[in-house]
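Worksheet for the structure shown next.
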Amino acid sequence: MDIARRRHHAASDGSRFLGLLLLFCLLLAAAMWSVSTGATRIPLPVVWSAVGGFDGSREHLLVMTIRLPRVLAAVLAGSALAVSGAITQAVTNNPLASPGLLGINAGAAFAVVLVMTLFGAGTGDIYMWFAFGGAAAAAVLVHALGSFGPAGQSTFGIVIAGAVVATFLTALTSAVLIFDQNTLDAVRLWTAGSVSGRTMAQNARVAPYILAGLATGLLLGRHLVTLSLGAEAARSLGQNQATWRTISIVVVILLAGSAVSLAGPIGFVGLVVPHIVRLTIGVDYRWILPFSAVGGALLVVVADLVGRMIFGSQDFPVGVTTALIGAPFFLWLARSRAGSQA
């Protein structure tokens with residue numbers, strides 16, 4: 001019986017690995033398609049030659065200074081948001097949770113807009129650190145508000161607190177932008193979630209933090225499986241919930257703060273991707289996290305490409321496209337869960 005069970009698990013892991021490899025190949029294909037597509041069509045061999053042997057020609061400059069940085073920003077932001085969403089759902093044991101719904105994205109966005117207003121628009125690591133600070137402050141506030149009441153902390157209370165904090169911070173961000181036209185002009189696309197105009201230097205500043213967050217998140221897979229079982233099951237298995245929950249939230253802040261500092265508050269990626277992955281491959285977070293990383297990157301790359309192709313604008317914000325995809329899915333998800341609990 002044990003031998004048969006081990007063989008079944010080995011076969012399942014093999015199927016998941018092949019699925020992950022296929023998804024990664026789709027990501028590579030979408031990335032190459034996105035780099036080659038635009039007002040000027042660039043053949044794939046030219047794209048490869050620009051990456052492997054830059055010669056300073058117009059087409060090579062277009063690839064290396066505009067299109068490739070844009071695609072890399074989409075990959076970094078998408079993978080970070082999807083993995084942070086998966087971790088948030090495991091920690092709260094709630095498939096409706098995400099960094100956006102818990103106010104983390106709104107906190108990071110408000111902090112970046114505030115520092116732009118106070119110190120002027122520009123580039124640099126200061127935006128990243130303020131995004132981290134805003135995300136952390138929002139997470140602490142949501143945790144505190146969600147812990148009020150005789151029942152103490154509950155996943156429902158955290159989600160409600162997150163919705164309130166996110167709405168409040170979004171309103172504050174809008175108020176700041178209304179009274180500061182210069183900042184509004186500088187961050188108009190950024191606040192909608194955009195990878196337009198990103199540079200290799202900006203990607204390089206953020207990439208180490210996102211890669212560190214992704215690596216740490218992947219190492220948390222086994223502990224997230226236990227956390228997702230609920231408080232009683234986690235205690236019965238001997239897990240120190242406070243420690244692993246804190247580590248997980250720190251990783252979420254690192255990933256979400258980095259993604260927002262790079263591409264703005266792109267919505268629904270952290271909600272839609274982990275849930276689709278969970279429905280497809282099961283509830284093992286050792287596999288959910290890598291699938292979410294690749295799937296999130298694929299979603300943002302494709303959403304950016306579709307937005308540019310349909311609306312004919314190179315500056316079209318990817319956050320609008322992901323919202324058009326994610327909003328109907330979120331409504332279906334909320335409706336299906338309400339029906340199952342009725």
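Residues in the structure tokens are named by chain (A, B, ... in the order shown) and by number from 1 within that chain; ligands are numbered from 1 in the order shown.
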
For the contact check between stretch 186-213 of chain A and stretch 253-274 of chain A, emit one row per residue of stretch 186-213 of chain A within 7 Å, containing the shortest atom pair and the distance in Å rounded to one decimal, counting only C-alpha atoms, chain then rising number order, as a tab-separated table.
```
residue	atom	partner	partner_atom	distance
A:Trp190	CA	A:Gly264	CA	4.9
A:Thr191	CA	A:Gly264	CA	5.4
A:Ala192	CA	A:Pro265	CA	6.6
A:Gly193	CA	A:Gly264	CA	4.4
A:Ser194	CA	A:Ala263	CA	5.2
A:Val195	CA	A:Ala263	CA	5.3
A:Val206	CA	A:Ser258	CA	6.1
A:Tyr209	CA	A:Ser258	CA	6.8
A:Ile210	CA	A:Leu255	CA	5.5
A:Gly213	CA	A:Leu255	CA	5.7
```

Let me see the file: selected residues, N, CA and C atoms, as a PDB file, in the first residue's frame.
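See out12.pdb below for the written result:
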```pdb
ATOM      1  N   TRP A 190       1.291  55.203 -13.570  1.00  0.00           N
ATOM      2  CA  TRP A 190       1.792  54.329 -12.501  1.00  0.00           C
ATOM      3  C   TRP A 190       0.690  53.938 -11.545  1.00  0.00           C
ATOM      4  N   THR A 191      -0.183  54.881 -11.175  1.00  0.00           N
ATOM      5  CA  THR A 191      -1.234  54.585 -10.207  1.00  0.00           C
ATOM      6  C   THR A 191      -2.283  53.629 -10.778  1.00  0.00           C
ATOM      7  N   ALA A 192      -2.365  53.513 -12.096  1.00  0.00           N
ATOM      8  CA  ALA A 192      -3.281  52.550 -12.713  1.00  0.00           C
ATOM      9  C   ALA A 192      -2.620  51.184 -12.870  1.00  0.00           C
ATOM     10  N   GLY A 193      -1.313  51.128 -12.636  1.00  0.00           N
ATOM     11  CA  GLY A 193      -0.571  49.887 -12.818  1.00  0.00           C
ATOM     12  C   GLY A 193      -0.036  49.818 -14.227  1.00  0.00           C
ATOM     13  N   SER A 194       1.228  50.158 -14.421  1.00  0.00           N
ATOM     14  CA  SER A 194       1.789  50.230 -15.767  1.00  0.00           C
ATOM     15  C   SER A 194       3.248  49.804 -15.769  1.00  0.00           C
ATOM     16  N   VAL A 195       3.642  49.136 -16.857  1.00  0.00           N
ATOM     17  CA  VAL A 195       5.051  48.781 -17.051  1.00  0.00           C
ATOM     18  C   VAL A 195       5.648  49.587 -18.200  1.00  0.00           C
ATOM     19  N   VAL A 206      15.078  46.646  -8.405  1.00  0.00           N
ATOM     20  CA  VAL A 206      14.012  45.909  -7.739  1.00  0.00           C
ATOM     21  C   VAL A 206      14.248  44.403  -7.766  1.00  0.00           C
ATOM     22  N   TYR A 209      15.384  42.207  -4.651  1.00  0.00           N
ATOM     23  CA  TYR A 209      14.393  42.063  -3.587  1.00  0.00           C
ATOM     24  C   TYR A 209      13.288  41.089  -3.976  1.00  0.00           C
ATOM     25  N   ILE A 210      12.850  41.167  -5.230  1.00  0.00           N
ATOM     26  CA  ILE A 210      11.818  40.244  -5.694  1.00  0.00           C
ATOM     27  C   ILE A 210      12.350  38.823  -5.736  1.00  0.00           C
ATOM     28  N   GLY A 213      12.564  37.509  -2.263  1.00  0.00           N
ATOM     29  CA  GLY A 213      11.237  37.183  -1.763  1.00  0.00           C
ATOM     30  C   GLY A 213      10.696  35.908  -2.372  1.00  0.00           C
TER      31      GLY A 213
END
```

Checklist entry - What's the 12 Å shell around A:Pro290, counting only C-alpha atoms, without same-chain residues fewer than 6 positions away, as an MDAnalysis selection string? => result chainID A and resid 16:17 19:21 23:24 79:80 82:84 86:87 214:221 273:274 277:278 281 284 296:297

Same residues, N, CA and C atoms, output as a PDB file, in the first residue's frame:
```pdb
ATOM      1  N   ARG A  16       3.057  17.421 -12.498  1.00  0.00           N
ATOM      2  CA  ARG A  16       3.116  18.834 -12.140  1.00  0.00           C
ATOM      3  C   ARG A  16       4.376  19.496 -12.683  1.00  0.00           C
ATOM      4  N   PHE A  17       5.494  18.786 -12.626  1.00  0.00           N
ATOM      5  CA  PHE A  17       6.734  19.347 -13.150  1.00  0.00           C
ATOM      6  C   PHE A  17       6.620  19.601 -14.649  1.00  0.00           C
ATOM      7  N   GLY A  19       3.855  20.136 -16.251  1.00  0.00           N
ATOM      8  CA  GLY A  19       2.954  21.271 -16.404  1.00  0.00           C
ATOM      9  C   GLY A  19       3.643  22.598 -16.142  1.00  0.00           C
ATOM     10  N   LEU A  20       4.506  22.626 -15.121  1.00  0.00           N
ATOM     11  CA  LEU A  20       5.255  23.841 -14.814  1.00  0.00           C
ATOM     12  C   LEU A  20       6.208  24.186 -15.951  1.00  0.00           C
ATOM     13  N   LEU A  21       6.841  23.180 -16.521  1.00  0.00           N
ATOM     14  CA  LEU A  21       7.756  23.398 -17.646  1.00  0.00           C
ATOM     15  C   LEU A  21       7.008  23.940 -18.850  1.00  0.00           C
ATOM     16  N   LEU A  23       4.188  25.654 -18.771  1.00  0.00           N
ATOM     17  CA  LEU A  23       3.789  27.025 -18.455  1.00  0.00           C
ATOM     18  C   LEU A  23       4.960  27.985 -18.626  1.00  0.00           C
ATOM     19  N   PHE A  24       6.161  27.535 -18.246  1.00  0.00           N
ATOM     20  CA  PHE A  24       7.353  28.371 -18.409  1.00  0.00           C
ATOM     21  C   PHE A  24       7.649  28.603 -19.895  1.00  0.00           C
ATOM     22  N   SER A  79       5.114  37.956 -11.225  1.00  0.00           N
ATOM     23  CA  SER A  79       5.495  36.836 -10.369  1.00  0.00           C
ATOM     24  C   SER A  79       5.440  37.234  -8.894  1.00  0.00           C
ATOM     25  N   ALA A  80       5.887  38.454  -8.565  1.00  0.00           N
ATOM     26  CA  ALA A  80       5.877  38.903  -7.173  1.00  0.00           C
ATOM     27  C   ALA A  80       4.455  39.020  -6.637  1.00  0.00           C
ATOM     28  N   ALA A  82       1.671  37.540  -7.752  1.00  0.00           N
ATOM     29  CA  ALA A  82       0.987  36.243  -7.686  1.00  0.00           C
ATOM     30  C   ALA A  82       1.451  35.430  -6.489  1.00  0.00           C
ATOM     31  N   VAL A  83       2.759  35.392  -6.247  1.00  0.00           N
ATOM     32  CA  VAL A  83       3.280  34.619  -5.119  1.00  0.00           C
ATOM     33  C   VAL A  83       2.864  35.265  -3.793  1.00  0.00           C
ATOM     34  N   SER A  84       2.910  36.591  -3.722  1.00  0.00           N
ATOM     35  CA  SER A  84       2.459  37.251  -2.494  1.00  0.00           C
ATOM     36  C   SER A  84       0.984  36.984  -2.249  1.00  0.00           C
ATOM     37  N   ALA A  86      -0.642  34.205  -3.195  1.00  0.00           N
ATOM     38  CA  ALA A  86      -0.747  32.813  -2.751  1.00  0.00           C
ATOM     39  C   ALA A  86      -0.376  32.690  -1.273  1.00  0.00           C
ATOM     40  N   ILE A  87       0.679  33.378  -0.861  1.00  0.00           N
ATOM     41  CA  ILE A  87       1.093  33.321   0.545  1.00  0.00           C
ATOM     42  C   ILE A  87       0.033  33.948   1.438  1.00  0.00           C
ATOM     43  N   LEU A 214      10.913  35.718  -3.686  1.00  0.00           N
ATOM     44  CA  LEU A 214      10.448  34.491  -4.346  1.00  0.00           C
ATOM     45  C   LEU A 214      11.166  33.267  -3.798  1.00  0.00           C
ATOM     46  N   ALA A 215      12.477  33.372  -3.625  1.00  0.00           N
ATOM     47  CA  ALA A 215      13.250  32.235  -3.100  1.00  0.00           C
ATOM     48  C   ALA A 215      12.806  31.883  -1.685  1.00  0.00           C
ATOM     49  N   THR A 216      12.624  32.900  -0.854  1.00  0.00           N
ATOM     50  CA  THR A 216      12.173  32.645   0.524  1.00  0.00           C
ATOM     51  C   THR A 216      10.771  32.049   0.528  1.00  0.00           C
ATOM     52  N   GLY A 217       9.904  32.571  -0.333  1.00  0.00           N
ATOM     53  CA  GLY A 217       8.554  32.041  -0.419  1.00  0.00           C
ATOM     54  C   GLY A 217       8.532  30.573  -0.811  1.00  0.00           C
ATOM     55  N   LEU A 218       9.373  30.194  -1.762  1.00  0.00           N
ATOM     56  CA  LEU A 218       9.426  28.794  -2.184  1.00  0.00           C
ATOM     57  C   LEU A 218       9.891  27.891  -1.047  1.00  0.00           C
ATOM     58  N   LEU A 219      10.789  28.405  -0.218  1.00  0.00           N
ATOM     59  CA  LEU A 219      11.262  27.620   0.930  1.00  0.00           C
ATOM     60  C   LEU A 219      10.189  27.472   2.007  1.00  0.00           C
ATOM     61  N   LEU A 220       9.183  28.348   1.969  1.00  0.00           N
ATOM     62  CA  LEU A 220       8.115  28.301   2.970  1.00  0.00           C
ATOM     63  C   LEU A 220       6.999  27.325   2.599  1.00  0.00           C
ATOM     64  N   GLY A 221       7.108  26.678   1.437  1.00  0.00           N
ATOM     65  CA  GLY A 221       6.006  25.876   0.927  1.00  0.00           C
ATOM     66  C   GLY A 221       5.415  24.902   1.922  1.00  0.00           C
ATOM     67  N   VAL A 273      -4.556  34.499 -10.039  1.00  0.00           N
ATOM     68  CA  VAL A 273      -3.583  33.467 -10.401  1.00  0.00           C
ATOM     69  C   VAL A 273      -3.489  32.347  -9.366  1.00  0.00           C
ATOM     70  N   PRO A 274      -3.296  32.652  -8.058  1.00  0.00           N
ATOM     71  CA  PRO A 274      -3.198  31.549  -7.093  1.00  0.00           C
ATOM     72  C   PRO A 274      -4.456  30.682  -7.038  1.00  0.00           C
ATOM     73  N   VAL A 277      -4.485  28.375 -10.029  1.00  0.00           N
ATOM     74  CA  VAL A 277      -3.474  27.343  -9.800  1.00  0.00           C
ATOM     75  C   VAL A 277      -3.984  26.298  -8.818  1.00  0.00           C
ATOM     76  N   ARG A 278      -4.611  26.758  -7.744  1.00  0.00           N
ATOM     77  CA  ARG A 278      -5.120  25.828  -6.737  1.00  0.00           C
ATOM     78  C   ARG A 278      -6.209  24.925  -7.315  1.00  0.00           C
ATOM     79  N   ILE A 281      -4.036  22.347  -9.798  1.00  0.00           N
ATOM     80  CA  ILE A 281      -3.044  21.357  -9.344  1.00  0.00           C
ATOM     81  C   ILE A 281      -3.246  20.898  -7.910  1.00  0.00           C
ATOM     82  N   ASP A 284      -1.294  21.848  -2.531  1.00  0.00           N
ATOM     83  CA  ASP A 284       0.080  21.722  -2.049  1.00  0.00           C
ATOM     84  C   ASP A 284       0.858  22.989  -2.411  1.00  0.00           C
ATOM     85  N   GLY A 296       1.700  34.176 -12.808  1.00  0.00           N
ATOM     86  CA  GLY A 296       1.537  35.616 -12.627  1.00  0.00           C
ATOM     87  C   GLY A 296       2.334  36.406 -13.656  1.00  0.00           C
ATOM     88  N   ALA A 297       3.560  35.972 -13.898  1.00  0.00           N
ATOM     89  CA  ALA A 297       4.377  36.635 -14.920  1.00  0.00           C
ATOM     90  C   ALA A 297       3.713  36.526 -16.292  1.00  0.00           C
TER      91      ALA A 297
END
```

Item to check | Selected residue, from A:Val91, A:Leu331, A:Ala161, A:Ala201, that lies nearest to A:Ser248 when counting only C-alpha atoms | outcome: A:Val91

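Straight-line separation from atom CA of A:Val165 to atom CA of A:Phe130: 17.6 Å.
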
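Counting from atom CA of A:Ser228, the distance to atom CA of A:Val142 is 19.3 Å.
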
Residues within 7 Å of stretch 305-307 of chain A, only C-alpha atoms, excluding chain neighbours under 2 positions, as a PDB file with N, CA and C atoms, in the first residue's frame:
```
ATOM      1  N   SER A  34       5.850  39.590 -27.204  1.00  0.00           N
ATOM      2  CA  SER A  34       5.651  40.953 -26.744  1.00  0.00           C
ATOM      3  C   SER A  34       6.805  41.862 -27.162  1.00  0.00           C
ATOM      4  N   VAL A 301       2.373  39.750 -18.600  1.00  0.00           N
ATOM      5  CA  VAL A 301       2.961  39.916 -19.935  1.00  0.00           C
ATOM      6  C   VAL A 301       1.870  39.888 -21.002  1.00  0.00           C
ATOM      7  N   VAL A 302       0.968  38.909 -20.913  1.00  0.00           N
ATOM      8  CA  VAL A 302      -0.105  38.794 -21.907  1.00  0.00           C
ATOM      9  C   VAL A 302      -1.080  39.959 -21.784  1.00  0.00           C
ATOM     10  N   ALA A 303      -1.423  40.359 -20.566  1.00  0.00           N
ATOM     11  CA  ALA A 303      -2.343  41.477 -20.380  1.00  0.00           C
ATOM     12  C   ALA A 303      -1.769  42.762 -20.959  1.00  0.00           C
ATOM     13  N   MET A 309      -2.279  45.837 -28.082  1.00  0.00           N
ATOM     14  CA  MET A 309      -2.779  45.449 -29.398  1.00  0.00           C
ATOM     15  C   MET A 309      -4.210  45.920 -29.615  1.00  0.00           C
ATOM     16  N   ILE A 310      -5.066  45.787 -28.604  1.00  0.00           N
ATOM     17  CA  ILE A 310      -6.477  46.143 -28.763  1.00  0.00           C
ATOM     18  C   ILE A 310      -6.681  47.650 -28.777  1.00  0.00           C
ATOM     19  N   PHE A 311      -6.027  48.338 -27.840  1.00  0.00           N
ATOM     20  CA  PHE A 311      -6.257  49.774 -27.705  1.00  0.00           C
ATOM     21  C   PHE A 311      -5.258  50.615 -28.488  1.00  0.00           C
ATOM     22  N   PHE A 316      -0.703  52.144 -22.718  1.00  0.00           N
ATOM     23  CA  PHE A 316      -1.917  51.647 -22.080  1.00  0.00           C
ATOM     24  C   PHE A 316      -1.553  50.898 -20.800  1.00  0.00           C
ATOM     25  N   VAL A 318      -1.342  48.317 -17.891  1.00  0.00           N
ATOM     26  CA  VAL A 318      -1.662  46.901 -17.788  1.00  0.00           C
ATOM     27  C   VAL A 318      -2.652  46.641 -16.665  1.00  0.00           C
ATOM     28  N   THR A 321      -6.183  46.229 -17.951  1.00  0.00           N
ATOM     29  CA  THR A 321      -6.454  44.939 -18.580  1.00  0.00           C
ATOM     30  C   THR A 321      -6.626  43.842 -17.542  1.00  0.00           C
TER      31      THR A 321
END
```

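Close contacts of A:Pro99, defined as residues with an atom at most 6 Å away when counting only C-alpha atoms, with chain neighbours fewer than 5 positions off set aside, comprise Gly85, Ile104 and Asn105 of chain A.
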